[in-house]
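Q: After the structure tokens below, expect a handful of questions from me.
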Amino acid sequence: MNTMGIPPFIPELASEHALRFEYLFWYITITSGVVGLALYAALLYFCVVYRRGVNPGPTPRILGSLRLELAWTVIPAFVFLSYFAIGVYVFNKAAHPPEDSMEVFIIGKQWMWKAQYPGGQRVIIGGNPRNMTEAERNSIGKLVIPAGRPVKFTMISEDVIHSFGIPAFRQKMDVLPGRYTTMWQHPTKTGEYHLYCDQFCGTWHSLMVGKVKVVNGAEFDSWLMGHQPFQGSDNAVDGSLAHEGRQLFLKLQCINCHSATPTGKAPVLEGLWGTRVPLKGGGGEWADDQYIIESIRKPRGKVVDGWEGVMPAYDESQVTNEELNALVAYIRSLKKGQTPDNTQRFPAPNGAPTDRTQSPPPPKKGN
Amino acid sequence: MSAKHNTPALKHHFEDLGQQHACERLGIWMFLATEILFFGGIFGAYTVYRYLYPHEFEVASSHLNRTIATINTIFLITSSLTMTLAIRAAKLGNKGELIRWLFVTAALATAFMVMKGFEYAEDFHEHYVPGRMFQDELKSARDEIAGKSEEDAKKHQFKPERQKWAKELAVQVNHKHVDPGKVQLFLCFYYIMTAIHGIHIIVGIGCILWVAWEAWRGTIPPENYSTVEVVSLYWHLVDAIWLFLMPLLYLTGAGYKH
Amino acid sequence: MSIAAPQGAPAAAPVPPEPGPLPVNYLNNGHSIWSWLFTVDHKRIGILYLVSISIFFVAGGIAAGIVRLNLLQSDGAIVSEDAYNRAFTAHGVMMLFFFLIPAVPAVFGNFFIPMMIGTKDLAFPKLNLASWYVFMLGAALAIWSVLVGGIDTGWTLYPPYSTRASQSNVIPGVLGVFISGFSSIMTGLNIMVTIHKMRAPGMTWSRLPLFVWSLYATSLIQLLATPVVAITLVLLMVERAWGVGIFDPSLGGDPLLFQHMFWFYSHPAVYIMILPGMGVISEVLTCFSRKNIFGYHAVAWSSMGIAVVGFLLWAHHMFVAGISFYAALLFSLLSMLVAVPSAIKVFNWTATLYRGSISFQAPMLFSIGFVVLFIIGGLTGLYLATLGTDIHLHDTYFVVAHFHFVMVGGMVMGYFAGLHYWWPKMTGRMYSDFWSRFAACVIVVGFFFTFIPQFVIGYHGMPRRYPNYPQEFQFFNVMSTAGAGVLGVGYLMPAVYLTLSLINGKRATANPWSATGLEWVSQSPPPIFNFDESKMPVVVCGPYEYSLGVDQMGRTLPDAPTGAPAELHEGTAADGHGPTSPAKQES
């Protein structure tokens, strides 16, 4: 690549979705290109053959042709519908992640991305290098994901709207404050690719960029291990996102009401995730991430049938979005019989995680 | 073309009065369509948030002054009647009666605005205004009952300078988890909607008085009363919008028990 | 001489030969500044708009120049990121709200709708004047907000950025847009009522020129969509001023609500911008090919179809914004539907040229340029309406290029086509034939060089609104900037030769293009009440009877210009309008 680079004809294709995109893209390009060129040819032909010098008039009085007009109404309509149909097929694949996807939390923030892996590892991506020290510049990481495995990105913003886009995967999704959006990818090709913020988000919008590094599965596992090793095999592994959530669960005193046995104050949360919850006043709701978040932020909105809406709301000053992720991960991982004992609240757990610092070395298991 | 140049009411660019009236009538109906979409936008936004935060909207609405609103509703409905009577007078060519009914309409509208002014003044006096005033007032009330249980807080004797709404809201915010931000959101809608409506009323008063002036000058003969009709259509729309505002803003919290 | 003129008004009185004072017309009827500022003449108001939007076109163009120059280098060539953000916002706001939306409706609509339907003025002349003042007030606020530091939100003004994070002058700018919206409503209302109620005798709906139809459709959108954005902007300003959570999720609001309400206006608004351009094209293509429009009803009703369906697909701007899966399906399907009437128009325009007698004066060159560019603009829209491709192309330069192909390649070309087509009528002067043809070619070439590269880098994923970008996009960005330079020169040329034509242009005849519309019946420039008051036009046939050689009043058309420069201005006495003097010749 020279200094004033020219990109390749077809940009890098690094995922299954990217390939589907290309097929659709070129299908549209070729079909509409044929029509466009035919129109250009007709225009050119008419302009040359019927120019006034050759054809001074008078002209025939042609008012139209119903048959022709119907043809160029109906045929394009069907072609457009074929775009729509194939587009829906591609979009449908892109919108629904497979069950076994590895989930990576993405947090957008002016002007950087933070990625949290299920093991608790964190990477900071992007930021304005001009305002950074050398050490900080070196600490900017890459979003490492494995080739050949589906990866789901669950995304939220801490401030304004961003958009998480990776051209090599041919997909992007807006990252909103206050609600989760998701996208998933099945990377197929190792390499480093651009990651952009696509929704204008302020002064350094154009520096909210970074790299996605797709590595093969084994490399990814060792990267994960090296970055921060897994320990134990409990549902909430020390150092994992769920473990962090567990500590928050104790620290915020959620455990006082949501204990292992029904106390009369609040429902037990074991095995809650993924079930259908009956709501007070009729109806029900699937206990998914969104519902759990709502129940923390706005607990009185959808109260479980048989309980009083007494839980206080936790706004962003009390539980940050990052901590919310941890709590969700914990509640999701909570299986029967695993609610911690109320006494485990003491000694006080480690404080909430801060940016750009590694978690302290995990304490011994079963503290 | 026969009517051309015969009557001073015919504007230069129209063929005849029929065309002029048709234009004026169509114009005002189109204008009303834009007005409906203008208010439709804010009604839509209101609906979204009412659906999201029904409880807070109910609480916030319950502190508004429904007495004034009811009186104002009566004023406006009556003014629609008098406006229609004015049209009748115009059609019959009864100049004195036309002017009289227009003045009654304008007077009712003015009365509405005066009452509205009293209501705003009361709200401001009570600091029931989104922003700093609201937050300070609520905070001092909440500080007084900080740490108390719900029962105690309800029995608490607030300092006399505390506003009634703040006392009730403080207990609710501290214990029943009303989100004060959403209460302010409702208040925002309340002020924006009533202010925009109020501007429409003021414009309406101006138009009515202008028609009365024209009538007094004798430029509204019975065969050319479309000015009155146009203003009346506008006036009815302003009334109709109030009939939507009244339940949305005032009656929402009417049944709320603190 | 005339054929079959039922009202027996063949306008036989010859105009005195020049040189000599022009007969009284709307231009020489009062020269004081007040005669302009307090005029209620729709033609003068049209001219006021023309002057105003030209200023905003230049202002928006300067902002575009800053943007393009800065993109010469991958880390910003001339200005800081903050300045860049303000420049592209100023470009968007100026061009969209203060140039494209008023361009054709407020200038040519104002000027020619009453003339084309054969009446003396718009239905509400005072409202018309008020709309210009309201427009100028809004524009003054917007300009002021730019002068005191600018806005950096982008023209889309998405909260919570615009309400919470932005440090710039959002409120004055938004207030300016809000206020100017009312001027758009007033113009739309005026035009719609005029078309409904003030058509000349015999001017039935199916004899309306297609320009009138397209402006009818435009006015419908202006009337019904603009109030929604007005209230949305009020809510935005309130949120920003008082810090309440209408759209800001951290305060309980919903940012997607803003996007829905904003696009409910702003999507139909792009049809406010493009439909009038399409109307101009239908006029010019028929005139310069001496043909009836191919499929009058299809072209007329496709305008209405676009206007109505255009209201139903706003959320295709939000496919990746977090709307539900099924909402995305629905809006994608509806977006495909709106492509159909646009396609019909293009096919019908092309078919109109078949067996015509085509000459290539500047208006025709601009119109063919419109069709050529609009084909690309329209077809690339399909990529963005298709869900599977939009999730990659959204918010990239592909969108920027598509939008500019439709708006600049379409609408601005249409605007220039109209300007050149009607300039002789508006000013009574002919402009340089050579330079105008040359400018049209330069603009089309510059346009291709500016925006085709943007499709490429968009496909490669370069996001919009990026002053810093990866190295590999630099080649195409430099190419685009170079093209923009050519385009800028192309846009400067009309400013020069049109201005010069006012000073030393040849006098135009009443009907220099030998066109059929009623606006060509009266002298150039038109008299104060558009037509001779004793002989208001009576319409006997449809708008494009070029092959019969009669205008809408059934009178024989003058000979069409062959395209050679000298012949353009001689005029013929066939319709009773005298020839102009061979005054200052200019090549």
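Following the order of the structure tokens, first chain is A, next is B, and so on, with residues numbered from 1 inside each chain and ligands from 1 in the order they appear.
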For chain C, work out the contacting residues on chain B at 10 Å, counting only C-alpha atoms, and write them as a ChimeraX atom specification.
A: /B:11-15,18-46,48-49,52-53,130-132,179,181-182,184-189,192,196
Q: Give me, as number ranges by chain, the residues of chain A touching chain B, with the criterion being at most 12 Å (counting only C-alpha atoms).
A: A: 294, 297-302, 308-315
Q: Give me the chain C side of the contact with chain A, cut-off 7 Å, one line per residue showing its nearest atom pair and distance in Å at one decimal, counting only C-alpha atoms, sorted by chain and residue number, as a tab-separated table.
A:
```
residue	atom	partner	partner_atom	distance
C:Glu81	CA	A:Thr203	CA	6.0
C:Asp82	CA	A:Thr203	CA	5.4
C:Pro160	CA	A:Val160	CA	5.4
C:Tyr161	CA	A:Val160	CA	5.3
C:Ser166	CA	A:Gly202	CA	7.0
C:Pro249	CA	A:Gly178	CA	5.6
C:Ser250	CA	A:Gly178	CA	6.7
C:Arg290	CA	A:Thr59	CA	6.6
C:Lys291	CA	A:Thr59	CA	6.5
C:Asn292	CA	A:Leu63	CA	6.0
C:Ile293	CA	A:Leu63	CA	6.5
C:Phe294	CA	A:Gly64	CA	4.5
C:Gly295	CA	A:Gly64	CA	4.3
C:Val320	CA	A:Met173	CA	5.0
C:Ala321	CA	A:Asp174	CA	5.0
C:Gly322	CA	A:Thr181	CA	6.3
C:Leu329	CA	A:Val88	CA	7.0
C:Ser332	CA	A:Phe84	CA	6.9
C:Leu333	CA	A:Phe84	CA	6.4
C:Met336	CA	A:Phe80	CA	5.9
C:Val340	CA	A:Ala77	CA	6.0
C:Ile344	CA	A:Thr73	CA	6.1
C:Thr350	CA	A:Leu43	CA	6.2
C:Leu353	CA	A:Phe46	CA	6.1
C:Tyr354	CA	A:Phe46	CA	5.9
C:Arg355	CA	A:Tyr50	CA	5.8
C:Gly356	CA	A:Tyr50	CA	5.6
C:Ser357	CA	A:Arg52	CA	4.6
C:Ile358	CA	A:Arg51	CA	4.4
C:Ser359	CA	A:Arg52	CA	5.4
C:Ile375	CA	A:Gly36	CA	6.5
C:Leu379	CA	A:Ser32	CA	6.4
C:Thr386	CA	A:Gly87	CA	5.2
C:Leu387	CA	A:Gly87	CA	4.9
C:Gly388	CA	A:Gly87	CA	4.2
C:Thr389	CA	A:Phe21	CA	6.1
C:Ile391	CA	A:Gln171	CA	5.2
C:His392	CA	A:Gln171	CA	4.4
C:Asp395	CA	A:Asp198	CA	5.9
C:His460	CA	A:Pro11	CA	5.7
C:Gly461	CA	A:Pro167	CA	5.1
C:Pro463	CA	A:Asp198	CA	5.5
C:Arg465	CA	A:Phe200	CA	6.7
C:Tyr466	CA	A:Ser206	CA	4.8
C:Pro467	CA	A:Ser206	CA	6.3
C:Asn468	CA	A:Ser206	CA	5.5
C:Gln471	CA	A:Gly5	CA	5.9
C:Glu472	CA	A:Gly5	CA	4.1
C:Phe473	CA	A:Ile6	CA	6.6
C:Gln474	CA	A:Met4	CA	5.6
C:Phe475	CA	A:Met4	CA	5.5
C:Ser547	CA	A:Thr59	CA	5.0
C:Thr562	CA	A:Arg52	CA	6.7
```
Q: Skipping near chain neighbours, those fewer than 4 positions away, what residues fall within 9 Å of Gly542 in chain C using only C-alpha atoms, listed as an MDAnalysis selection string?
A: chainID C and resid 203:204 206:209 551:552
Q: Now that the selection is made, can you save its residues with C-alpha atoms as an mmCIF file, in the first residue's frame?
A:
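out-v7.cif, written as the output of this step:
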```
data_model
loop_
_atom_site.group_PDB
_atom_site.id
_atom_site.type_symbol
_atom_site.label_atom_id
_atom_site.label_comp_id
_atom_site.auth_asym_id
_atom_site.auth_seq_id
_atom_site.Cartn_x
_atom_site.Cartn_y
_atom_site.Cartn_z
ATOM 1 C CA MET C 203 -57.596 24.756 -16.866
ATOM 2 C CA THR C 204 -58.867 21.408 -15.652
ATOM 3 C CA SER C 206 -55.695 17.065 -16.331
ATOM 4 C CA ARG C 207 -54.564 20.134 -18.241
ATOM 5 C CA LEU C 208 -52.306 21.342 -15.456
ATOM 6 C CA PRO C 209 -48.638 21.486 -16.365
ATOM 7 C CA ASP C 551 -49.924 26.564 -26.699
ATOM 8 C CA GLN C 552 -52.496 26.000 -23.994
#
```
Q: Range 62-269 of chain A: which residues are strand (DSSP E) by DSSP, as a ChimeraX atom specification?
A: /A:102-109,112-116,122-125,143-146,151-157,162-166,171-175,181-185,191-197,210-215
Q: Find the spatial neighbours of Gly217 in chain A, counting only C-alpha atoms, within a cut-off of 12 Å - ignore same-chain residues fewer than 2 positions away - and output them as a list of chain:residue names.
A: A:Val144, A:Ile145, A:Pro146, A:Ala147, A:Gly148, A:Arg149, A:Pro150, A:Val151, A:Pro187, A:Thr188, A:Lys189, A:Thr190, A:Val214, A:Val215, A:Glu219, A:Phe220, A:Asp221, A:Ser222, A:Trp223, A:Leu224
Q: Next, the residues of the selection above should be written as a compact mmCIF listing (two decimals), in the first residue's frame with C-alpha atoms.
A:
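out.txt was written with the following content:
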```txt
# COMPACT_ATOMS: atom_id res chain seq x y z
CA VAL A 144 -9.87 -9.78 20.10
CA ILE A 145 -12.41 -12.32 18.92
CA PRO A 146 -12.07 -15.90 17.74
CA ALA A 147 -12.51 -17.02 14.16
CA GLY A 148 -15.00 -19.81 13.60
CA ARG A 149 -17.14 -19.14 16.66
CA PRO A 150 -20.22 -16.96 16.84
CA VAL A 151 -19.70 -13.84 18.92
CA PRO A 187 -15.78 -14.33 11.89
CA THR A 188 -14.21 -16.55 9.29
CA LYS A 189 -10.87 -15.00 8.56
CA THR A 190 -8.09 -14.01 10.91
CA VAL A 214 -9.68 -11.96 14.72
CA VAL A 215 -7.50 -14.85 15.88
CA GLU A 219 -4.97 -18.49 20.06
CA PHE A 220 -8.05 -16.80 21.41
CA ASP A 221 -8.28 -19.20 24.33
CA SER A 222 -4.66 -18.69 25.22
CA TRP A 223 -5.10 -14.93 24.88
CA LEU A 224 -7.97 -15.08 27.28
```
Q: How far is it from CA of Ile74 in chain B to CA of Phe112 in chain B, in Å with one decimal?
A: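 Computing the Euclidean distance for CA of Ile74 in chain B and CA of Phe112 in chain B yields 9.2 Å.
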Q: Give me the residues within 7 Å of range 84-99 of chain B as a VMD selection string, counting only C-alpha atoms and dropping any in the same chain fewer than 5 places off.
A: chain B and resid 212 215 221 to 222 225 228 to 229
Q: Considering only C-alpha atoms, return as a list in words whatever protein or nucleic-acid residues lie within 9 Å of Ile292 in chain A, sequence-local ones (same chain, fewer than 3 positions apart) excluded.
A: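 Once the adjacent positions are removed, what remains is Trp273, Ala287, Asp288, Asp289, Ser295, Ile296, Arg297, Leu327, Val328 and Ile331 of chain A.
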Q: Kindly export the residues of the current selection with N, CA and C atoms, as a PDB file, in the first residue's frame.
A:
```pdb
ATOM      1  N   TRP A 273     -33.587 -16.474  35.112  1.00  0.00           N
ATOM      2  CA  TRP A 273     -33.289 -15.980  33.771  1.00  0.00           C
ATOM      3  C   TRP A 273     -33.848 -16.922  32.708  1.00  0.00           C
ATOM      4  N   ALA A 287     -38.020 -13.125  31.340  1.00  0.00           N
ATOM      5  CA  ALA A 287     -36.942 -12.568  32.161  1.00  0.00           C
ATOM      6  C   ALA A 287     -35.656 -12.594  31.346  1.00  0.00           C
ATOM      7  N   ASP A 288     -35.486 -11.587  30.499  1.00  0.00           N
ATOM      8  CA  ASP A 288     -34.241 -11.481  29.731  1.00  0.00           C
ATOM      9  C   ASP A 288     -33.438 -10.311  30.264  1.00  0.00           C
ATOM     10  N   ASP A 289     -32.352 -10.027  29.587  1.00  0.00           N
ATOM     11  CA  ASP A 289     -31.478  -8.944  30.071  1.00  0.00           C
ATOM     12  C   ASP A 289     -32.251  -7.652  30.238  1.00  0.00           C
ATOM     13  N   SER A 295     -35.901  -3.907  35.728  1.00  0.00           N
ATOM     14  CA  SER A 295     -36.301  -4.157  37.105  1.00  0.00           C
ATOM     15  C   SER A 295     -35.354  -3.516  38.095  1.00  0.00           C
ATOM     16  N   ILE A 296     -34.131  -3.246  37.653  1.00  0.00           N
ATOM     17  CA  ILE A 296     -33.198  -2.561  38.552  1.00  0.00           C
ATOM     18  C   ILE A 296     -33.382  -1.050  38.430  1.00  0.00           C
ATOM     19  N   ARG A 297     -33.498  -0.588  37.203  1.00  0.00           N
ATOM     20  CA  ARG A 297     -33.628   0.847  36.989  1.00  0.00           C
ATOM     21  C   ARG A 297     -35.025   1.351  37.370  1.00  0.00           C
ATOM     22  N   LEU A 327     -24.235  -7.216  37.090  1.00  0.00           N
ATOM     23  CA  LEU A 327     -25.393  -7.754  37.816  1.00  0.00           C
ATOM     24  C   LEU A 327     -26.224  -8.665  36.908  1.00  0.00           C
ATOM     25  N   VAL A 328     -26.396  -8.236  35.683  1.00  0.00           N
ATOM     26  CA  VAL A 328     -27.172  -9.061  34.752  1.00  0.00           C
ATOM     27  C   VAL A 328     -26.465 -10.393  34.542  1.00  0.00           C
ATOM     28  N   ILE A 331     -27.098 -12.547  37.595  1.00  0.00           N
ATOM     29  CA  ILE A 331     -28.460 -13.091  37.714  1.00  0.00           C
ATOM     30  C   ILE A 331     -28.684 -14.141  36.638  1.00  0.00           C
TER      31      ILE A 331
END
```
Q: Just the number, please: distance in Å from CA of Gly150 in chain C to CA of Leu175 in chain C, one decimal.
A: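 Computing the Euclidean distance for CA of Gly150 in chain C and CA of Leu175 in chain C yields 13.4 Å.
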Q: When you look at Ile221 in chain C with a cut-off of 9 Å (counting only C-alpha atoms), what residues show up, excluding the ones that are within fewer than 3 positions of it in the same chain? I need them as a PyMOL selection string.
A: chain C and resi 188+216-218+224-226+265+268-269+271-272+307-308+310-311
